[in-house]
Every structure is written in structure tokens, then in C-alpha cells.
file run38.csv (CSV, C-alpha atoms)
chain,number,residue,atom,x,y,z
A,1,GLY,CA,112.8,68.7,88.0
A,2,ALA,CA,109.0,68.3,88.0
A,3,GLY,CA,108.6,67.8,84.2
A,4,GLY,CA,106.8,71.2,83.8
A,5,VAL,CA,104.0,70.1,86.1
A,6,PRO,CA,103.4,72.5,89.0
A,7,ASP,CA,101.3,70.0,90.9
A,8,LEU,CA,104.2,67.6,91.0
A,9,GLY,CA,106.6,70.4,92.2
A,10,ARG,CA,104.0,71.4,94.9
A,11,GLU,CA,103.7,67.8,96.1
A,12,ALA,CA,107.4,67.4,96.3
A,13,ALA,CA,107.8,70.5,98.4
A,14,MET,CA,104.9,69.4,100.6
A,15,PHE,CA,106.5,66.0,101.1
A,16,SER,CA,109.7,67.7,102.2
A,17,ARG,CA,108.0,70.4,104.2
A,18,GLU,CA,109.7,69.6,107.5
A,19,GLU,CA,113.2,69.5,106.0
A,20,ILE,CA,112.6,72.8,104.3
A,21,ARG,CA,111.4,74.3,107.5
A,22,GLN,CA,114.5,73.1,109.4
A,23,ALA,CA,116.8,74.5,106.7
A,24,ILE,CA,115.0,77.9,106.9
A,25,GLU,CA,114.5,78.1,110.7
A,26,GLY,CA,116.5,80.7,112.5
A,27,HIS,CA,117.3,82.9,109.5
A,28,ASP,CA,116.2,86.5,109.5
A,29,ILE,CA,116.0,86.8,105.7
A,30,VAL,CA,115.2,84.1,103.2
A,31,PHE,CA,116.0,84.7,99.5
A,32,ILE,CA,114.0,82.5,97.1
A,33,CYS,CA,115.2,82.7,93.5
A,34,THR,CA,113.0,80.9,91.0
A,35,GLY,CA,112.1,80.6,87.4
A,36,LEU,CA,108.3,80.5,86.9
A,37,GLY,CA,106.4,78.6,84.3
A,38,GLY,CA,107.7,75.1,84.9
A,39,GLY,CA,106.9,72.6,87.6
A,40,THR,CA,109.6,73.2,90.2
A,41,GLY,CA,109.5,77.0,90.3
A,42,SER,CA,105.7,77.4,89.9
A,43,GLY,CA,104.9,74.5,92.1
A,44,ALA,CA,107.5,74.4,94.9
A,45,ALA,CA,108.4,78.1,95.3
A,46,PRO,CA,105.0,79.2,96.7
A,47,VAL,CA,105.2,76.3,99.3
A,48,ILE,CA,108.8,77.3,100.3
A,49,ALA,CA,107.7,80.9,100.6
A,50,GLU,CA,104.8,79.9,102.8
A,51,ILE,CA,107.1,77.9,105.1
A,52,ALA,CA,109.5,80.8,105.3
A,53,LYS,CA,106.8,83.2,106.3
A,54,GLY,CA,105.8,80.7,109.0
A,55,THR,CA,109.3,81.1,110.5
A,56,ASN,CA,108.8,84.9,110.7
A,57,ALA,CA,111.7,85.5,108.3
A,58,LEU,CA,111.7,88.4,105.9
A,59,VAL,CA,111.0,86.7,102.5
A,60,PHE,CA,112.6,88.1,99.4
A,61,ILE,CA,111.6,86.4,96.1
A,62,THR,CA,113.3,86.9,92.8
A,63,ALA,CA,111.4,85.4,90.0
A,64,THR,CA,111.7,85.2,86.2
A,65,MET,CA,108.8,84.9,83.8
A,66,PRO,CA,109.1,82.7,80.8
A,67,PHE,CA,109.9,83.9,77.3
A,68,SER,CA,106.8,84.3,75.1
A,69,PHE,CA,108.2,81.6,72.7
A,70,GLU,CA,107.9,79.1,75.6
A,71,GLY,CA,104.1,79.0,75.1
A,72,ARG,CA,100.8,79.9,76.7
A,73,ARG,CA,100.8,76.9,79.1
A,74,ARG,CA,104.1,78.0,80.7
A,75,LEU,CA,103.0,81.6,80.9
A,76,GLY,CA,99.7,80.6,82.5
A,77,GLN,CA,101.5,78.5,85.0
A,78,ALA,CA,103.9,81.4,85.7
A,79,GLU,CA,101.1,83.9,86.2
A,80,ASP,CA,99.3,81.5,88.7
A,81,ALA,CA,102.5,81.0,90.7
A,82,LEU,CA,103.2,84.7,90.6
A,83,GLN,CA,99.9,85.5,92.3
A,84,GLN,CA,100.6,82.9,95.0
A,85,LEU,CA,104.1,84.3,95.6
A,86,GLN,CA,102.8,87.9,95.8
A,87,LYS,CA,100.7,86.9,98.8
A,88,ARG,CA,103.7,85.3,100.6
A,89,ALA,CA,106.5,87.7,99.8
A,90,ASP,CA,107.7,90.7,101.7
A,91,ALA,CA,109.5,91.8,98.5
A,92,LEU,CA,109.2,90.4,95.1
A,93,ILE,CA,111.5,91.3,92.3
A,94,LEU,CA,110.2,90.1,88.9
A,95,PHE,CA,112.4,89.8,85.8
A,96,GLU,CA,110.6,89.2,82.5
A,97,ASN,CA,112.8,87.1,80.2
A,98,ASN,CA,111.4,88.8,77.1
A,99,ARG,CA,112.8,92.1,78.5
A,100,MET,CA,116.1,90.4,79.1
A,101,GLY,CA,116.1,89.2,75.5
A,102,GLU,CA,115.7,92.9,74.4
A,103,LEU,CA,118.9,93.8,76.1
A,104,ILE,CA,121.1,91.6,73.9
A,105,LEU,CA,121.7,91.5,70.2
A,106,PRO,CA,119.8,88.7,68.3
A,107,LYS,CA,123.1,87.3,67.1
A,108,ASP,CA,124.2,86.8,70.7
A,109,GLY,CA,121.5,84.1,71.3
A,110,ILE,CA,119.4,82.8,74.1
A,111,GLN,CA,122.3,81.8,76.3
A,112,LYS,CA,123.5,85.4,76.5
A,113,ALA,CA,120.0,86.5,77.5
A,114,PHE,CA,119.9,83.9,80.3
A,115,ALA,CA,123.4,85.0,81.4
A,116,GLN,CA,122.3,88.6,81.5
A,117,ALA,CA,119.2,87.7,83.6
A,118,ASP,CA,121.5,85.7,86.0
A,119,GLN,CA,123.8,88.7,86.4
A,120,LEU,CA,121.0,91.2,87.1
A,121,ILE,CA,119.4,88.8,89.6
A,122,ALA,CA,122.8,88.3,91.4
A,123,GLN,CA,123.3,92.1,91.5
A,124,SER,CA,119.8,92.7,93.0
A,125,LEU,CA,120.3,90.1,95.7
A,126,ARG,CA,123.8,91.4,96.5
A,127,ALA,CA,122.4,94.9,96.9
A,128,VAL,CA,119.7,93.8,99.3
A,129,SER,CA,122.2,91.8,101.5
A,130,THR,CA,124.7,94.6,101.4
A,131,ILE,CA,122.1,97.1,102.5
A,132,VAL,CA,121.6,95.3,105.8
A,133,SER,CA,125.1,93.9,106.4
A,134,MET,CA,127.7,96.5,105.4
A,135,PRO,CA,128.2,99.9,106.9
A,136,GLY,CA,127.7,102.8,104.4
A,137,LEU,CA,127.1,106.5,104.4
A,138,VAL,CA,123.7,105.7,106.0
A,139,LYS,CA,123.6,102.5,107.9
A,140,LEU,CA,120.4,100.5,107.4
A,141,GLY,CA,119.6,97.4,109.3
A,142,LEU,CA,117.1,94.6,109.0
A,143,ASP,CA,114.5,96.6,111.0
A,144,ASP,CA,114.9,99.5,108.6
A,145,LEU,CA,114.4,97.3,105.6
A,146,THR,CA,111.4,95.6,107.2
A,147,SER,CA,109.8,99.0,107.9
A,148,ALA,CA,110.4,100.1,104.3
A,149,LEU,CA,108.8,97.0,102.9
A,150,SER,CA,105.7,97.3,105.1
A,151,THR,CA,104.4,100.4,103.4
A,152,SER,CA,100.7,100.3,102.4
A,153,ASN,CA,101.4,100.4,98.7
A,154,GLY,CA,104.2,97.9,98.9
A,155,ARG,CA,106.5,99.9,96.7
A,156,CYS,CA,110.1,100.5,97.5
A,157,LEU,CA,113.1,101.7,95.5
A,158,PHE,CA,116.4,100.0,96.0
A,159,GLY,CA,119.6,101.4,94.7
A,160,PHE,CA,123.2,100.2,95.0
A,161,GLY,CA,126.4,101.7,93.9
A,162,GLU,CA,130.1,101.4,94.5
A,163,ALA,CA,132.7,104.1,94.0
A,164,ARG,CA,136.5,104.5,94.3
A,165,GLY,CA,138.6,107.6,94.3
A,166,GLN,CA,138.6,111.1,95.6
A,167,ASN,CA,135.0,112.1,94.8
A,168,ARG,CA,133.1,109.1,95.9
A,169,GLY,CA,131.2,110.6,98.8
A,170,THR,CA,128.0,112.4,99.3
A,171,GLU,CA,128.0,114.4,96.1
A,172,ALA,CA,128.2,111.1,94.0
A,173,LEU,CA,125.4,109.7,96.1
A,174,LYS,CA,123.2,112.8,95.7
A,175,ARG,CA,123.7,112.7,91.9
A,176,ALA,CA,122.9,109.0,91.8
A,177,LEU,CA,119.7,109.4,93.9
A,178,LYS,CA,118.6,112.4,91.9
A,179,SER,CA,119.1,110.6,88.6
A,180,GLN,CA,117.2,107.5,89.9
A,181,LEU,CA,114.3,109.6,91.2
A,182,ILE,CA,114.0,111.5,87.9
A,183,ASP,CA,114.0,108.2,86.1
A,184,GLN,CA,111.1,107.0,88.4
A,185,GLY,CA,109.1,110.2,87.7
A,186,ARG,CA,109.4,111.5,91.3

call {"tool": "encode", "arguments": {"input": "run38.csv", "output": "C-alpha cells"}}
result
Amino acid sequence: GAGGVPDLGREAAMFSREEIRQAIEGHDIVFICTGLGGGTGSGAAPVIAEIAKGTNALVFITATMPFSFEGRRRLGQAEDALQQLQKRADALILFENNRMGELILPKDGIQKAFAQADQLIAQSLRAVSTIVSMPGLVKLGLDDLTSALSTSNGRCLFGFGEARGQNRGTEALKRALKSQLIDQGR
């Protein structure tokens, strides 16, 4: 850890820049998952994203924002890091811990909120990797994903679903897409 000091996290990543580049080199997609607000996530993640962009990888960043009770300092550090990450990411998925906390009952506690956030992040990353690696009704590859992410407004809608049984085909997919598009106001 960097003791909640982003400059220290940044310095550590800069010091290890060559080792980070070697670890990333040769990969088509680099997933960076970070918690913002502290020293390591807010300081090192933007450096790692910059290195990944330099290797011509598609950079997916999943980040969490701190809970409001963590204080203004951590929130400010998170917002600064988020701006840096947005400049370096091909896709950025942002989870706000306060919203995660709303999904659980108060009696369940903070650990349950963190577990819920971890689960949603894992599902999102699995969906992206599945899109480009597994055959489906419509096969999408890395080039398709790259094209979708290079739109002028930078907005993309990802969906992922699994089905078993007799009626799992196109009708189920159509219903899911229609439902998602209605939810998005399209």
C-alpha cells in the first residue's frame, strides 16, 4: 500500500515502469481493476493505464469510488485519478461504493457492500472477456469490440446473459435486449 498518498503510489509505479511494461507487453486487452481514493489505486493505476496504452493494448478499467463516509480527501483524490484514467482508457466502468451500499440492508454491514461490489465487477469483466472469446448467437471479436468502443461519444452498452433449456435462443435474446433498451430510454 501507499498509505493513502497518491504521489507515493505514482512514484512506485514509475519506479517499476519497465517491469509493468514487460508484464503487459504482447496482450491484446489489459484489464485494470482499482479502488480510487487511496494511494495505490489513485496513484499507480493511471501510470499502469498509460503504460498499457503504449503497448497498443485495449485498456479496460474498472474502478470504484470511495464511500462518502471515507471523507473529502479520499473523494478528491479519487476524482483526480478518475480524470486521468478517463484519458487513458478505451472503456471505463465506474462503480460508486455509495450505490453499492444502497443495494444491501443496513444490518448486513459494510463487508456485504464490498462483497456485492466485487461480484458486480467480476461479472462485468467476465462479460467483456466472454464477448470476445466465446462463440455465441452473434460472434464478436476483439476488432468488433474495439470498433464499438471507438465511437465519438464513447458510449457503449454491454449485456451478458446465460440460458439453459428449450427456449434459450433468439426469442430470449430479443426480450433481454428489448428490456435493456427500454431501461436505457432508447

call {"tool": "closest_residue", "arguments": {"input": "run38.csv", "among": "A:Gln86, A:Asp80, A:Asp144, A:Ile51", "to": "Ala23 (chain A)", "atoms": "all atoms listed in the file"}}
result
A:Ile51

call {"tool": "residues_around", "arguments": {"input": "run38.csv", "residues": "Leu82 (chain A)", "least_positions_apart": "5", "cutoff": "10 Å", "atoms": "all atoms listed in the file", "output": "number ranges by chain"}}
result
A: 36-37, 41-42, 45-46, 63-65, 76-77, 87, 92, 94

call {"tool": "atom_distance", "arguments": {"input": "run38.csv", "atom1": "CA of Gly54 (chain A)", "atom2": "CA of Ala2 (chain A)"}}
result
24.6 Å

call {"tool": "atom_distance", "arguments": {"input": "run38.csv", "atom1": "CA of Ile121 (chain A)", "atom2": "CA of Thr62 (chain A)"}}
result
7.1 Å

call {"tool": "atom_distance", "arguments": {"input": "run38.csv", "atom1": "CA of Gly4 (chain A)", "atom2": "CA of Leu85 (chain A)"}}
result
17.8 Å

call {"tool": "closest_residue", "arguments": {"input": "run38.csv", "among": "A:Lys112, A:Leu125, A:Pro6, A:Arg74", "to": "Thr40 (chain A)", "atoms": "all atoms listed in the file"}}
result
A:Pro6

call {"tool": "closest_residue", "arguments": {"input": "run38.csv", "among": "A:Met14, A:Ile93, A:Leu8, A:Ala57", "to": "Ser124 (chain A)", "atoms": "only C-alpha atoms"}}
result
A:Ile93
